[in-house]
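The next block holds one structure in the form of structure tokens; read it before the comments.
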Amino acid sequence: MITETPSATWPWPTYAKATLACHAGAAAAVLAMPSQWPWALGAVAANHALLTGAGLWPRSTWLGSNWTHLPAAATARGEIAITIDDGPDAEVTPAVLDILDGHGVSATFFCIAAAAAREPGLCREIARRGHRVENHSDRHSNAFSLLGPQAMQREVAAAQQRLGDITGSAPRFFRAPAGLRNPFLAPVLQRLDLQLVSWTRRGFDTLRRSPADVLARLSKGLAGGDILLLHDGNAARVDGRPLVLSVLPDLLSLAAAAGLRPVTLAAASAASAASAASAASAASVAPRP
């Protein structure tokens, strides 16, 4: 189920080229003027600090392509994406699916492959009901952003393989655990043909205990193109009830009242690509003045 592009074709992000240039420039400066080594060391240290900061900012695009909104065509159509992380969960996910069915909408589930392997039937049920299962790593390690290139490749590729085998459809999108990453992730995703996705806003529903507060965070300024983050796995509970089950119905009702339509990331991407292709075709056959 894994699709890889040859390593020679990896389009390294600008940050990688800039980092190499910084290191090369620092080395050249020290060779030419050894007394300038403190300045060269400072430049290299600053470069590494910048990369670290970018990795700790989930919505950053400095470390490669990262969706924080849906494509422009999906935004114009009034589409939004409900994304649900950390499942599947045997108790919570079926209830989430029923809520989505009740509102007649589709969502994107960023599943942990190890959890999916424990609940393969539930993972397949997500897909059967018209939703998408996407890659949220194999084990959801708290140390994901500290992994080296080979370990990160194994973690993402193992999840890609397991989730593809379970659902019969290879994931097309990836979300890093807690949204944290490092410079090694972008080439891994490029090789596996995966698009990194973060979010427009999140409700912190694994930490907060107020459904009203979480709903307000997700719905304030809600507009076409938004990518919203909730959790079926690791969900916070209020009086024993998973918070997502209290928030999701109201969120979907608010979206409907605003004329917004929740779709999967894959559907938004495919429709946008089709719109672009249609526009390009129309332009190619348009009569010239």
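Convention: chains lettered A, B, ... in structure tokens order; per-chain residue numbering from 1; ligands numbered from 1 as shown.
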For segment 88-188 of chain A against segment 219-243 of chain A, with a cut-off of 10 Å and counting only C-alpha atoms, what is the closest atom pair and its distance in Å to one decimal for every residue that makes the cut, ordered by chain and number, as CSV?
```
residue,atom,partner,partner_atom,distance
A:Pro88,CA,A:Gly233,CA,6.4
A:Asp89,CA,A:Gly233,CA,5.5
A:Ala90,CA,A:Gly233,CA,9.2
A:Glu91,CA,A:Asp232,CA,8.9
A:Val92,CA,A:Asp232,CA,5.7
A:Thr93,CA,A:Asp232,CA,5.8
A:Pro94,CA,A:Asp232,CA,9.4
A:Ala95,CA,A:Asp232,CA,9.3
A:Val96,CA,A:Asp232,CA,7.4
A:Thr108,CA,A:Leu229,CA,9.8
A:Phe109,CA,A:Asp232,CA,8.8
A:Phe110,CA,A:His231,CA,9.2
A:Cys111,CA,A:Gly233,CA,8.8
A:Ile112,CA,A:Gly233,CA,9.1
A:Ala115,CA,A:Gly233,CA,9.2
```
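For the pair atom CA of Arg175 of chain A and atom CA of Ala116 of chain A, the interatomic distance is 15.5 Å.
Proximity of A:Gly121, A:Pro249, A:Pro177, A:Gly64 to Glu155 of chain A, computed with only C-alpha atoms, is greatest for A:Pro177.
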- prompt: Tell me, which residues of segment 101-202 of chain A carry DSSP alpha helix (DSSP H), written as a PyMOL selection string?
  reply: chain A and resi 101-103+113-118+120-128+149-167+185-191
Based on the selection just made, write C-alpha atoms of those residues as a tab-separated table (two decimals), in the first residue's frame.
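Wrote out33.tsv, looks like this:
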```
chain	number	residue	atom	x	y	z
A	101	ASP	CA	-24.46	10.23	10.27
A	102	GLY	CA	-27.24	12.13	12.02
A	103	HIS	CA	-26.05	15.37	10.44
A	113	ALA	CA	-2.03	2.78	13.44
A	114	ALA	CA	-1.40	0.77	16.62
A	115	ALA	CA	-4.91	1.66	17.85
A	116	ALA	CA	-6.35	0.78	14.44
A	117	ALA	CA	-4.64	-2.61	14.60
A	118	ARG	CA	-6.45	-3.27	17.90
A	120	PRO	CA	-9.54	-3.09	12.68
A	121	GLY	CA	-13.28	-3.58	12.27
A	122	LEU	CA	-13.99	-0.14	13.70
A	123	CYS	CA	-11.35	1.40	11.47
A	124	ARG	CA	-13.01	-0.19	8.44
A	125	GLU	CA	-16.40	1.03	9.68
A	126	ILE	CA	-15.09	4.61	9.58
A	127	ALA	CA	-14.30	4.17	5.89
A	128	ARG	CA	-17.51	2.25	5.17
A	149	PRO	CA	15.40	10.56	9.77
A	150	GLN	CA	15.45	6.75	9.72
A	151	ALA	CA	13.30	6.36	12.84
A	152	MET	CA	10.83	8.92	11.51
A	153	GLN	CA	10.68	7.12	8.18
A	154	ARG	CA	9.94	3.83	9.95
A	155	GLU	CA	7.23	5.39	12.14
A	156	VAL	CA	5.34	7.09	9.33
A	157	ALA	CA	5.80	4.29	6.80
A	158	ALA	CA	4.68	1.61	9.28
A	159	ALA	CA	1.47	3.55	9.93
A	160	GLN	CA	0.95	4.04	6.20
A	161	GLN	CA	1.29	0.30	5.63
A	162	ARG	CA	-0.94	-0.77	8.52
A	163	LEU	CA	-3.73	1.71	7.86
A	164	GLY	CA	-3.69	0.96	4.14
A	165	ASP	CA	-3.88	-2.79	4.77
A	166	ILE	CA	-6.79	-2.38	7.21
A	167	THR	CA	-8.96	-0.04	5.12
A	185	LEU	CA	9.69	14.98	8.46
A	186	ALA	CA	9.18	16.83	5.17
A	187	PRO	CA	11.42	14.54	3.06
A	188	VAL	CA	9.73	11.48	4.62
A	189	LEU	CA	6.29	12.78	3.69
A	190	GLN	CA	7.45	13.69	0.20
A	191	ARG	CA	8.80	10.19	-0.30
```
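Each of A:Arg202, A:Gly259, A:Ala212, A:Leu265 was checked against Ala76 of chain A using only C-alpha atoms; the smallest atom-to-atom distance is that of A:Gly259.
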Can you check which residues of segment 21-243 of chain A DSSP gives as strand (DSSP E or B) on the backbone and send them as an mmCIF file with C-alpha atoms, in the first residue's frame?
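Written output follows (out22.cif):
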```cif
data_model
loop_
_atom_site.group_PDB
_atom_site.id
_atom_site.type_symbol
_atom_site.label_atom_id
_atom_site.label_comp_id
_atom_site.auth_asym_id
_atom_site.auth_seq_id
_atom_site.Cartn_x
_atom_site.Cartn_y
_atom_site.Cartn_z
ATOM 1 C CA TRP A 67 -2.217 22.690 5.315
ATOM 2 C CA HIS A 69 -6.741 25.767 5.636
ATOM 3 C CA GLU A 79 -16.492 23.694 2.801
ATOM 4 C CA ILE A 80 -14.849 22.996 6.157
ATOM 5 C CA ALA A 81 -13.039 19.930 7.472
ATOM 6 C CA ILE A 82 -13.810 18.245 10.786
ATOM 7 C CA THR A 83 -10.709 16.268 11.739
ATOM 8 C CA ILE A 84 -10.749 13.794 14.617
ATOM 9 C CA ASP A 85 -7.514 12.523 16.139
ATOM 10 C CA ASP A 86 -6.047 9.704 18.229
ATOM 11 C CA GLY A 87 -8.581 6.939 17.555
ATOM 12 C CA THR A 108 -11.441 12.914 8.484
ATOM 13 C CA PHE A 109 -10.107 10.571 11.173
ATOM 14 C CA PHE A 110 -6.370 10.820 11.844
ATOM 15 C CA CYS A 111 -5.876 7.367 13.312
ATOM 16 C CA ARG A 132 -11.495 9.011 5.540
ATOM 17 C CA VAL A 133 -8.814 7.335 7.632
ATOM 18 C CA GLU A 134 -5.537 9.251 7.521
ATOM 19 C CA ASN A 135 -2.081 8.788 9.032
ATOM 20 C CA PHE A 173 -2.609 13.059 4.621
ATOM 21 C CA PHE A 174 -0.454 13.048 7.748
ATOM 22 C CA GLN A 195 0.504 15.966 2.688
ATOM 23 C CA LEU A 196 1.079 17.392 6.169
ATOM 24 C CA VAL A 197 -2.045 18.870 7.777
ATOM 25 C CA ARG A 201 -8.134 26.101 15.175
ATOM 26 C CA ARG A 202 -8.455 23.493 17.883
ATOM 27 C CA ASP A 226 -11.418 26.034 8.197
ATOM 28 C CA ILE A 227 -9.820 22.818 9.428
ATOM 29 C CA LEU A 228 -11.053 21.998 12.935
ATOM 30 C CA LEU A 229 -9.447 19.585 15.399
ATOM 31 C CA LEU A 230 -11.284 17.307 17.843
ATOM 32 C CA HIS A 231 -10.371 13.965 19.455
ATOM 33 C CA ARG A 237 -14.556 13.687 30.020
ATOM 34 C CA VAL A 238 -17.192 15.673 31.843
ATOM 35 C CA ARG A 241 -19.042 11.649 29.094
ATOM 36 C CA PRO A 242 -16.376 12.181 26.426
#
```
- line: For Pro211 of chain A, the closest of A:Asp193, A:Leu146, A:Leu245, A:Trp199 counting only C-alpha atoms is A:Leu245
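Closest approach to Thr200 of chain A from the set A:Phe184, A:Arg172, A:Arg217, A:Pro262 is made by A:Arg217, with distances taken over only C-alpha atoms.
With atom CA of Ser198 of chain A on one side and atom CA of Asn66 of chain A on the other, the separation reads 6.7 Å.
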